[in-house]
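structure38.tsv follows (TSV, C-alpha atoms):
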```tsv
chain	number	residue	atom	x	y	z
L	1	MET	CA	86.78	-25.74	145.11
L	2	THR	CA	86.22	-29.48	145.41
L	3	ILE	CA	85.27	-31.18	148.67
L	4	SER	CA	88.71	-32.81	148.90
L	5	GLU	CA	90.46	-29.42	148.97
L	6	THR	CA	88.38	-28.28	151.94
L	7	SER	CA	88.30	-31.64	153.74
L	8	PRO	CA	89.81	-31.44	157.25
L	9	SER	CA	91.10	-35.01	156.97
L	10	SER	CA	94.50	-35.67	155.44
L	11	THR	CA	94.21	-39.45	155.73
L	12	ILE	CA	95.14	-41.56	152.72
L	13	VAL	CA	93.10	-44.76	152.55
L	14	SER	CA	94.84	-47.62	150.75
L	15	PHE	CA	92.73	-50.50	149.43
L	16	GLY	CA	93.75	-54.01	148.36
L	17	GLU	CA	96.01	-56.89	149.25
L	18	MET	CA	98.59	-57.55	151.93
L	19	LEU	CA	100.47	-60.83	151.89
L	20	ILE	CA	103.61	-62.61	153.01
L	21	ASP	CA	106.56	-62.49	150.63
L	22	PHE	CA	109.04	-65.34	151.07
L	23	VAL	CA	112.35	-63.94	149.85
L	24	PRO	CA	115.39	-66.22	149.33
L	25	ASP	CA	118.17	-65.55	151.83
L	26	ILE	CA	120.65	-65.55	148.90
L	27	ALA	CA	120.10	-63.41	145.81
L	28	GLY	CA	120.62	-64.76	142.32
L	29	VAL	CA	119.34	-68.32	142.82
L	30	SER	CA	116.10	-69.90	141.60
L	31	LEU	CA	113.32	-70.86	144.00
L	32	ALA	CA	114.26	-74.52	143.60
L	33	GLU	CA	117.91	-73.80	144.46
L	34	SER	CA	117.11	-71.61	147.50
L	35	THR	CA	117.94	-73.25	150.80
L	36	GLY	CA	116.12	-70.72	152.99
L	37	PHE	CA	113.59	-67.92	152.83
L	38	LEU	CA	113.06	-64.76	154.82
L	39	LYS	CA	109.45	-63.95	155.69
L	40	ALA	CA	108.60	-60.37	154.68
L	41	PRO	CA	105.29	-58.50	154.69
L	42	GLY	CA	104.26	-57.44	151.17
L	43	GLY	CA	101.41	-56.30	148.96
L	44	ALA	CA	101.67	-52.94	147.20
L	45	PRO	CA	98.66	-51.14	148.80
L	46	ALA	CA	99.85	-52.14	152.29
L	47	ASN	CA	103.42	-51.05	151.48
L	48	VAL	CA	102.06	-47.65	150.41
L	49	ALA	CA	100.07	-47.30	153.65
L	50	CYS	CA	103.23	-48.01	155.69
L	51	ALA	CA	105.37	-45.72	153.50
L	52	ILE	CA	102.96	-42.86	154.28
L	53	THR	CA	103.12	-43.25	158.09
L	54	LYS	CA	106.91	-43.69	158.01
L	55	LEU	CA	107.04	-40.23	156.41
L	56	GLY	CA	104.78	-38.71	159.07
L	57	GLY	CA	101.56	-38.92	157.06
L	58	SER	CA	98.24	-40.46	158.06
L	59	SER	CA	97.03	-43.67	156.41
L	60	ALA	CA	94.45	-46.44	156.72
L	61	PHE	CA	94.29	-49.87	155.08
L	62	ILE	CA	91.20	-51.67	153.80
L	63	GLY	CA	91.53	-55.36	153.01
L	64	LYS	CA	90.83	-58.92	154.12
L	65	PHE	CA	93.13	-61.44	155.79
L	66	GLY	CA	92.93	-65.10	156.64
L	67	ASP	CA	92.06	-65.71	160.28
L	68	ASP	CA	95.44	-67.41	160.63
L	69	GLU	CA	98.81	-66.64	162.18
L	70	PHE	CA	100.10	-64.90	159.07
L	71	GLY	CA	96.96	-62.74	158.79
L	72	HIS	CA	97.16	-61.59	162.39
L	73	MET	CA	100.91	-61.02	162.05
L	74	LEU	CA	100.32	-58.73	159.04
L	75	VAL	CA	97.63	-56.70	160.80
L	76	ASP	CA	100.00	-56.35	163.79
L	77	ILE	CA	102.64	-55.00	161.39
L	78	LEU	CA	100.14	-52.40	160.10
L	79	LYS	CA	99.37	-51.39	163.70
L	80	LYS	CA	103.07	-51.19	164.61
L	81	ASN	CA	103.49	-48.91	161.61
L	82	GLU	CA	100.63	-46.73	162.93
L	83	VAL	CA	98.34	-47.54	159.99
L	84	ASN	CA	94.63	-47.30	160.87
L	85	THR	CA	93.15	-50.84	160.64
L	86	ASP	CA	89.45	-50.00	161.08
L	87	GLY	CA	88.87	-51.23	157.52
L	88	VAL	CA	90.43	-54.65	158.05
L	89	CYS	CA	88.45	-57.89	158.31
L	90	PHE	CA	89.25	-61.61	158.64
L	91	ASP	CA	88.02	-64.70	156.79
L	92	GLU	CA	87.70	-67.92	158.82
L	93	HIS	CA	87.73	-70.17	155.77
L	94	ALA	CA	90.49	-68.75	153.52
L	95	ARG	CA	94.21	-68.35	154.02
L	96	THR	CA	96.31	-65.21	153.89
L	97	ALA	CA	98.03	-64.96	150.50
L	98	LEU	CA	101.68	-65.97	150.07
L	99	ALA	CA	104.20	-65.12	147.36
L	100	PHE	CA	107.61	-66.66	146.75
L	101	VAL	CA	109.92	-64.03	145.32
L	102	THR	CA	113.05	-64.82	143.29
L	103	LEU	CA	115.72	-62.16	143.66
L	104	LYS	CA	117.94	-61.92	140.61
L	105	LYS	CA	121.55	-60.75	140.95
L	106	ASN	CA	120.61	-57.19	139.89
L	107	GLY	CA	117.94	-56.90	142.61
L	108	GLU	CA	115.01	-57.37	140.18
L	109	ARG	CA	112.45	-60.02	141.08
L	110	GLU	CA	110.03	-62.67	139.85
L	111	PHE	CA	106.92	-63.90	141.72
L	112	MET	CA	105.20	-67.20	142.36
L	113	PHE	CA	101.85	-66.73	144.13
L	114	TYR	CA	99.83	-68.99	146.42
L	115	ARG	CA	96.25	-67.62	146.42
L	116	ASN	CA	93.50	-69.97	145.31
L	117	PRO	CA	91.53	-68.19	146.61
L	118	SER	CA	93.23	-66.22	149.35
L	119	ALA	CA	91.32	-64.10	151.86
L	120	ASP	CA	92.09	-60.77	150.15
L	121	MET	CA	90.20	-61.96	147.04
L	122	LEU	CA	87.09	-62.64	149.13
L	123	LEU	CA	86.45	-59.14	150.48
L	124	LYS	CA	82.74	-58.38	149.94
L	125	GLU	CA	81.08	-55.02	149.29
L	126	SER	CA	79.08	-55.47	152.52
L	127	GLU	CA	82.36	-55.64	154.48
L	128	LEU	CA	83.63	-52.25	153.30
L	129	ASN	CA	84.13	-49.56	155.92
L	130	LEU	CA	82.52	-46.80	153.84
L	131	GLY	CA	82.76	-44.28	156.69
L	132	LEU	CA	86.54	-44.60	156.62
L	133	ILE	CA	86.64	-44.12	152.84
L	134	LYS	CA	84.33	-41.10	152.87
L	135	GLN	CA	86.47	-39.18	155.36
L	136	ALA	CA	89.73	-39.71	153.44
L	137	LYS	CA	91.65	-37.07	151.53
L	138	ILE	CA	92.93	-39.62	148.98
L	139	PHE	CA	91.73	-43.13	148.10
L	140	HIS	CA	94.57	-45.27	146.70
L	141	TYR	CA	94.33	-48.69	145.00
L	142	GLY	CA	95.97	-51.10	142.56
L	143	SER	CA	94.63	-53.57	140.01
L	144	ILE	CA	95.12	-56.97	141.69
L	145	SER	CA	91.84	-56.45	143.56
L	146	LEU	CA	90.07	-56.30	140.14
L	147	ILE	CA	91.01	-59.86	139.12
L	148	SER	CA	88.24	-61.85	140.77
L	149	GLU	CA	84.89	-61.58	142.51
L	150	PRO	CA	83.73	-60.69	145.10
L	151	CYS	CA	86.73	-58.39	145.63
L	152	LYS	CA	86.27	-56.71	142.24
L	153	SER	CA	82.75	-55.53	143.13
L	154	ALA	CA	83.98	-54.34	146.53
L	155	HIS	CA	86.79	-52.40	144.80
L	156	LEU	CA	84.39	-50.72	142.35
L	157	ALA	CA	81.94	-49.85	145.15
L	158	ALA	CA	84.75	-48.34	147.24
L	159	MET	CA	85.92	-46.22	144.28
L	160	LYS	CA	82.35	-45.06	143.63
L	161	ALA	CA	81.85	-44.04	147.28
L	162	ALA	CA	85.17	-42.14	147.26
L	163	LYS	CA	84.38	-40.39	143.95
L	164	GLU	CA	80.91	-39.36	145.16
L	165	ALA	CA	82.45	-37.92	148.34
L	166	GLY	CA	84.81	-35.76	146.23
L	167	ILE	CA	87.89	-37.70	147.30
L	168	LEU	CA	90.99	-37.82	145.09
L	169	LEU	CA	91.47	-41.23	143.40
L	170	SER	CA	95.04	-42.54	143.15
L	171	TYR	CA	95.87	-45.58	140.98
L	172	ASP	CA	99.07	-47.60	140.70
L	173	PRO	CA	98.16	-50.65	138.58
L	174	ASN	CA	101.18	-52.71	139.75
L	175	VAL	CA	101.04	-55.25	136.93
L	176	ARG	CA	101.49	-58.81	138.21
L	177	LEU	CA	100.96	-60.97	135.12
L	178	PRO	CA	101.00	-64.41	136.83
L	179	LEU	CA	97.80	-63.46	138.68
L	180	TRP	CA	95.74	-62.66	135.57
L	181	PRO	CA	94.22	-65.29	133.24
L	182	SER	CA	96.16	-63.81	130.28
L	183	PRO	CA	98.15	-60.69	129.33
L	184	GLN	CA	95.15	-59.32	127.42
L	185	ALA	CA	92.87	-59.91	130.41
L	186	ALA	CA	95.38	-57.92	132.49
L	187	ARG	CA	95.39	-55.04	129.99
L	188	ASP	CA	91.60	-54.98	129.80
L	189	GLY	CA	91.14	-55.23	133.58
L	190	ILE	CA	93.71	-52.54	134.35
L	191	LYS	CA	92.25	-50.21	131.71
L	192	SER	CA	88.64	-50.82	132.84
L	193	ILE	CA	88.96	-48.25	135.67
L	194	TRP	CA	91.65	-46.08	134.02
L	195	ASN	CA	89.50	-43.04	133.25
L	196	GLN	CA	88.25	-42.58	136.79
L	197	ALA	CA	91.59	-41.85	138.47
L	198	ASP	CA	92.80	-38.33	139.31
L	199	PHE	CA	96.41	-39.52	139.68
L	200	ILE	CA	98.08	-42.50	138.00
L	201	LYS	CA	101.61	-43.81	138.50
L	202	VAL	CA	103.03	-46.38	136.08
L	203	SER	CA	106.53	-47.76	135.57
L	204	ASP	CA	108.23	-47.63	132.17
L	205	ASP	CA	107.76	-51.44	131.93
L	206	GLU	CA	104.04	-51.02	132.59
L	207	VAL	CA	103.79	-48.36	129.86
L	208	GLN	CA	105.37	-50.87	127.48
L	209	PHE	CA	102.96	-53.60	128.60
L	210	LEU	CA	99.82	-51.45	128.43
L	211	THR	CA	100.57	-49.66	125.15
L	212	GLN	CA	102.66	-52.44	123.56
L	213	GLU	CA	104.92	-49.65	122.31
L	214	ASP	CA	108.25	-48.03	123.28
L	215	PRO	CA	107.82	-46.45	126.76
L	216	ASP	CA	110.57	-43.86	126.08
L	217	LYS	CA	108.51	-42.21	123.36
L	218	GLU	CA	106.30	-39.48	124.76
L	219	ASP	CA	103.54	-40.03	122.19
L	220	ASN	CA	103.13	-43.60	123.48
L	221	VAL	CA	102.97	-42.45	127.10
L	222	LEU	CA	100.37	-39.84	126.21
L	223	THR	CA	98.01	-42.51	124.87
L	224	LEU	CA	97.52	-43.27	128.60
L	225	TRP	CA	96.41	-39.69	129.36
L	226	HIS	CA	92.69	-38.98	129.90
L	227	ASP	CA	90.83	-35.74	130.55
L	228	ASN	CA	89.92	-36.49	134.17
L	229	LEU	CA	93.60	-36.88	135.09
L	230	LYS	CA	95.36	-34.28	137.19
L	231	LEU	CA	98.74	-36.04	137.10
L	232	LEU	CA	100.33	-38.98	135.26
L	233	VAL	CA	103.77	-40.10	136.48
L	234	VAL	CA	106.01	-42.63	134.74
L	235	THR	CA	108.81	-44.02	136.90
L	236	ASP	CA	112.01	-44.88	135.03
L	237	GLY	CA	113.90	-46.78	137.76
L	238	GLU	CA	117.17	-45.17	138.79
L	239	LYS	CA	116.82	-42.63	135.96
L	240	GLY	CA	114.03	-40.91	137.89
L	241	CYS	CA	110.56	-40.10	136.59
L	242	ARG	CA	108.52	-38.20	134.01
L	243	TYR	CA	105.42	-36.20	134.85
L	244	PHE	CA	102.46	-34.97	132.82
L	245	THR	CA	99.68	-32.61	133.94
L	246	LYS	CA	97.08	-30.59	132.03
L	247	SER	CA	99.44	-27.60	131.80
L	248	PHE	CA	103.04	-28.83	132.11
L	249	LYS	CA	105.31	-31.84	131.75
L	250	GLY	CA	108.92	-32.72	132.48
L	251	LYS	CA	111.51	-35.08	133.95
L	252	VAL	CA	113.04	-35.34	137.41
L	253	SER	CA	116.36	-37.15	137.83
L	254	GLY	CA	116.72	-40.11	140.16
L	255	PHE	CA	119.40	-40.96	142.72
L	256	SER	CA	122.21	-43.43	142.26
L	257	VAL	CA	122.41	-45.96	145.11
L	258	LYS	CA	123.67	-49.52	145.59
L	259	THR	CA	120.58	-51.60	144.79
L	260	VAL	CA	120.01	-54.78	146.78
L	261	ASP	CA	116.28	-55.42	146.26
L	262	THR	CA	113.82	-53.34	144.21
L	263	THR	CA	110.79	-54.70	146.14
L	264	GLY	CA	108.64	-51.83	147.39
L	265	ALA	CA	110.59	-49.04	145.64
L	266	GLY	CA	107.56	-48.00	143.59
L	267	ASP	CA	105.39	-48.13	146.73
L	268	ALA	CA	107.86	-45.93	148.66
L	269	PHE	CA	107.74	-43.49	145.71
L	270	VAL	CA	103.91	-43.46	145.64
L	271	GLY	CA	103.62	-43.11	149.43
L	272	ALA	CA	105.99	-40.15	149.42
L	273	LEU	CA	104.16	-38.44	146.58
L	274	LEU	CA	100.74	-39.01	148.18
L	275	VAL	CA	101.99	-37.46	151.45
L	276	SER	CA	102.95	-34.32	149.48
L	277	ILE	CA	99.62	-34.28	147.60
L	278	ALA	CA	97.61	-34.74	150.83
L	279	LYS	CA	99.38	-31.72	152.31
L	280	ASP	CA	98.68	-29.54	149.29
L	281	THR	CA	96.43	-30.46	146.36
L	282	ASN	CA	97.55	-27.28	144.54
L	283	ILE	CA	100.65	-29.31	143.66
L	284	PHE	CA	98.97	-30.34	140.38
L	285	ARG	CA	98.99	-26.70	139.28
L	286	ASP	CA	102.37	-25.63	140.71
L	287	GLU	CA	105.28	-27.14	138.77
L	288	ALA	CA	108.00	-26.08	141.22
L	289	LYS	CA	106.15	-27.72	144.12
L	290	LEU	CA	105.48	-30.84	142.04
L	291	ARG	CA	109.16	-31.17	141.04
L	292	GLU	CA	110.17	-30.83	144.70
L	293	ALA	CA	107.66	-33.56	145.68
L	294	LEU	CA	108.87	-35.85	142.87
L	295	THR	CA	112.53	-35.36	143.88
L	296	PHE	CA	111.55	-36.36	147.43
L	297	ALA	CA	109.60	-39.37	146.09
L	298	ASN	CA	112.59	-40.41	143.91
L	299	ALA	CA	114.84	-40.28	147.00
L	300	CYS	CA	112.37	-42.44	148.97
L	301	GLY	CA	112.17	-45.00	146.14
L	302	ALA	CA	115.96	-45.15	145.84
L	303	ILE	CA	116.53	-45.68	149.59
L	304	CYS	CA	113.99	-48.51	149.59
L	305	THR	CA	116.15	-50.48	147.11
L	306	THR	CA	119.18	-50.48	149.42
L	307	LYS	CA	117.71	-53.07	151.84
L	308	LYS	CA	115.87	-56.38	151.47
L	309	GLY	CA	112.09	-56.44	151.75
L	310	ALA	CA	109.62	-53.59	151.31
L	311	ILE	CA	108.26	-52.39	154.65
L	312	PRO	CA	111.56	-52.83	156.59
L	313	ALA	CA	113.34	-50.81	153.87
L	314	LEU	CA	110.91	-47.85	153.82
L	315	PRO	CA	112.69	-44.55	154.51
L	316	SER	CA	111.93	-41.78	156.99
L	317	THR	CA	111.74	-38.13	155.91
L	318	SER	CA	115.21	-37.49	157.36
L	319	ASN	CA	116.68	-40.45	155.37
L	320	ALA	CA	115.27	-38.94	152.18
L	321	HIS	CA	116.51	-35.41	152.93
L	322	GLU	CA	119.95	-36.81	153.74
L	323	LEU	CA	120.18	-38.50	150.33
L	324	MET	CA	118.87	-35.36	148.60
L	325	SER	CA	121.46	-33.14	150.28
L	326	LYS	CA	124.30	-35.59	149.48
L	327	ALA	CA	123.34	-35.51	145.82
L	328	LYS	CA	123.36	-31.71	145.58
```
In structure tokens, what does this structure look like?
Amino acid sequence: MTISETSPSSTIVSFGEMLIDFVPDIAGVSLAESTGFLKAPGGAPANVACAITKLGGSSAFIGKFGDDEFGHMLVDILKKNEVNTDGVCFDEHARTALAFVTLKKNGEREFMFYRNPSADMLLKESELNLGLIKQAKIFHYGSISLISEPCKSAHLAAMKAAKEAGILLSYDPNVRLPLWPSPQAARDGIKSIWNQADFIKVSDDEVQFLTQEDPDKEDNVLTLWHDNLKLLVVTDGEKGCRYFTKSFKGKVSGFSVKTVDTTGAGDAFVGALLVSIAKDTNIFRDEAKLREALTFANACGAICTTKKGAIPALPSTSNAHELMSKAK
């Protein structure tokens, strides 16, 4: 039995960036054509932390903010969402990151980032709350925190501390190409920590980007498998998801909803799945339980697309069960 299976804590610690997304008040127009923007909290690891608490789980966030109005506003949002903020710190000299998001007519989005450098990139290893990491059940992270120093070293040190404490490592690379120096740099950076994760979630688009092959072909997906993995999940948008473990694999259908904005859908999915894993790590060996957890995660992802923004659109457990029972 590993330490994580006997650990009394069920807290999921999420590491990385939180920023302000400026979303046009009208979908389907370019940034230049937009007349107004809605201010929305964003950043995948923070969205995941909020998704977890919204579903009744326990989460903490580790990251750095500018000591500015936006930074304090974001930390207040974490607190309002009952996310533990003991791992948060502020930078007096750098600003909180901003992203301008273009919403296309189909709810898909494009990003333009303002972070040169933003406070989240400046988190140092010495600022890590290692105590918080070591008492987690799951340590979750993305790849944006790998792009530049000193944050990259802090990220690697946090992963090492979690691994040594027997904590489950969860990775959702969340490819954001505009932030990397080049597509190849993104591939290399994302893959540099690939083999350490216990659980990885990627979208079909990310499979295509990472393998440069057809994401629908199972052989291509399986090039992303490694022997330390307990679970690899590929999300296929409204079609649902595919799952791969050491002993079984399959597909779970998605839910059809009226999509307004896909922002945060993957984070709602990950948060929901991590809540199920934190409750019972035997899920990796029990296909029926895993399929149930993935159906729940699919429902959470789908609901998140029916409203604008990520955190405001995150579902509760009852929202998800309602959609699941409607679809039966």
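Minimum atom-to-atom distances from L:Ser153, L:Ser316, L:Thr306, L:Asn298 to Lys239 of chain L were compared using only C-alpha atoms, and the lowest value belongs to L:Asn298.
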Need the axis-aligned box for segment 249-263 of chain L with 6 Å each side, so what are the centre and edges in Å to one decimal, as AutoDock Vina command-line options?
```
--center_x 114.5 --center_y -43.6 --center_z 139.3 --size_x 30.4 --size_y 35.6 --size_z 27.0
```
Worksheet item: Leaving out Ala40 of chain L and any residue of its chain fewer than 4 positions from it, which residues lie within 10 Å of it when counting all atoms listed in the file, given as a PyMOL selection string?
Response: chain L and resi 19-23+74+99+308-312
Go ahead and dump the residues you just picked, C-alpha atoms, as a PDB file, keeping the file's coordinate frame.
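Once everything was written out, this is part.pdb:
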```pdb
ATOM      1  CA  LEU L  19     100.470 -60.830 151.890  1.00  0.00           C
ATOM      2  CA  ILE L  20     103.610 -62.610 153.010  1.00  0.00           C
ATOM      3  CA  ASP L  21     106.560 -62.490 150.630  1.00  0.00           C
ATOM      4  CA  PHE L  22     109.040 -65.340 151.070  1.00  0.00           C
ATOM      5  CA  VAL L  23     112.350 -63.940 149.850  1.00  0.00           C
ATOM      6  CA  LEU L  74     100.320 -58.730 159.040  1.00  0.00           C
ATOM      7  CA  ALA L  99     104.200 -65.120 147.360  1.00  0.00           C
ATOM      8  CA  LYS L 308     115.870 -56.380 151.470  1.00  0.00           C
ATOM      9  CA  GLY L 309     112.090 -56.440 151.750  1.00  0.00           C
ATOM     10  CA  ALA L 310     109.620 -53.590 151.310  1.00  0.00           C
ATOM     11  CA  ILE L 311     108.260 -52.390 154.650  1.00  0.00           C
ATOM     12  CA  PRO L 312     111.560 -52.830 156.590  1.00  0.00           C
TER      13      PRO L 312
END
```
Worksheet item: Near Trp180 of chain L, within 7 Å and counting all atoms listed in the file, which residues show up once chain neighbours fewer than 4 positions away are dropped, as a ChimeraX atom specification?
Response: /L:147,185-186
For C-alpha atoms, I'd like the residues from the last selection saved as a PDB file, in the coordinates of the input.
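Below is the file again-v7.pdb, written as the result:
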```pdb
ATOM      1  CA  ILE L 147      91.010 -59.860 139.120  1.00  0.00           C
ATOM      2  CA  ALA L 185      92.870 -59.910 130.410  1.00  0.00           C
ATOM      3  CA  ALA L 186      95.380 -57.920 132.490  1.00  0.00           C
TER       4      ALA L 186
END
```
Worksheet item: Taking (99.8, -33.5, 147.2) in the file's coordinates as the center, which residues reach within 9 Å of it, counting all atoms listed in the file, put as a VMD selection string?
Response: chain L and resid 273 to 284 290 293
Item to complete: Skip Trp225 of chain L itself and residues of its chain fewer than 5 positions away, then list as a list in words all residues within 12 Å of it, counting all atoms listed in the file.
Response: Lys191, Trp194, Asn195, Gln196, Ala197, Asp198, Phe199, Ile200, Lys201, Val202, Val207, Thr211, Glu218, Asp219, Asn220, Lys230, Leu231, Leu232, Val233, Val234, Tyr243, Phe244, Thr245 and Lys246 of chain L
Please produce an output containing C-alpha atoms for each residue in the selection, written as a PDB file, keeping the file's coordinate frame.
```pdb
ATOM      1  CA  LYS L 191      92.250 -50.210 131.710  1.00  0.00           C
ATOM      2  CA  TRP L 194      91.650 -46.080 134.020  1.00  0.00           C
ATOM      3  CA  ASN L 195      89.500 -43.040 133.250  1.00  0.00           C
ATOM      4  CA  GLN L 196      88.250 -42.580 136.790  1.00  0.00           C
ATOM      5  CA  ALA L 197      91.590 -41.850 138.470  1.00  0.00           C
ATOM      6  CA  ASP L 198      92.800 -38.330 139.310  1.00  0.00           C
ATOM      7  CA  PHE L 199      96.410 -39.520 139.680  1.00  0.00           C
ATOM      8  CA  ILE L 200      98.080 -42.500 138.000  1.00  0.00           C
ATOM      9  CA  LYS L 201     101.610 -43.810 138.500  1.00  0.00           C
ATOM     10  CA  VAL L 202     103.030 -46.380 136.080  1.00  0.00           C
ATOM     11  CA  VAL L 207     103.790 -48.360 129.860  1.00  0.00           C
ATOM     12  CA  THR L 211     100.570 -49.660 125.150  1.00  0.00           C
ATOM     13  CA  GLU L 218     106.300 -39.480 124.760  1.00  0.00           C
ATOM     14  CA  ASP L 219     103.540 -40.030 122.190  1.00  0.00           C
ATOM     15  CA  ASN L 220     103.130 -43.600 123.480  1.00  0.00           C
ATOM     16  CA  LYS L 230      95.360 -34.280 137.190  1.00  0.00           C
ATOM     17  CA  LEU L 231      98.740 -36.040 137.100  1.00  0.00           C
ATOM     18  CA  LEU L 232     100.330 -38.980 135.260  1.00  0.00           C
ATOM     19  CA  VAL L 233     103.770 -40.100 136.480  1.00  0.00           C
ATOM     20  CA  VAL L 234     106.010 -42.630 134.740  1.00  0.00           C
ATOM     21  CA  TYR L 243     105.420 -36.200 134.850  1.00  0.00           C
ATOM     22  CA  PHE L 244     102.460 -34.970 132.820  1.00  0.00           C
ATOM     23  CA  THR L 245      99.680 -32.610 133.940  1.00  0.00           C
ATOM     24  CA  LYS L 246      97.080 -30.590 132.030  1.00  0.00           C
TER      25      LYS L 246
END
```
Discussion item. One decimal, in Å: what's the spacing between atom CA of Leu55 of chain L and atom CA of Ile77 of chain L?
Written reply: 16.2 Å
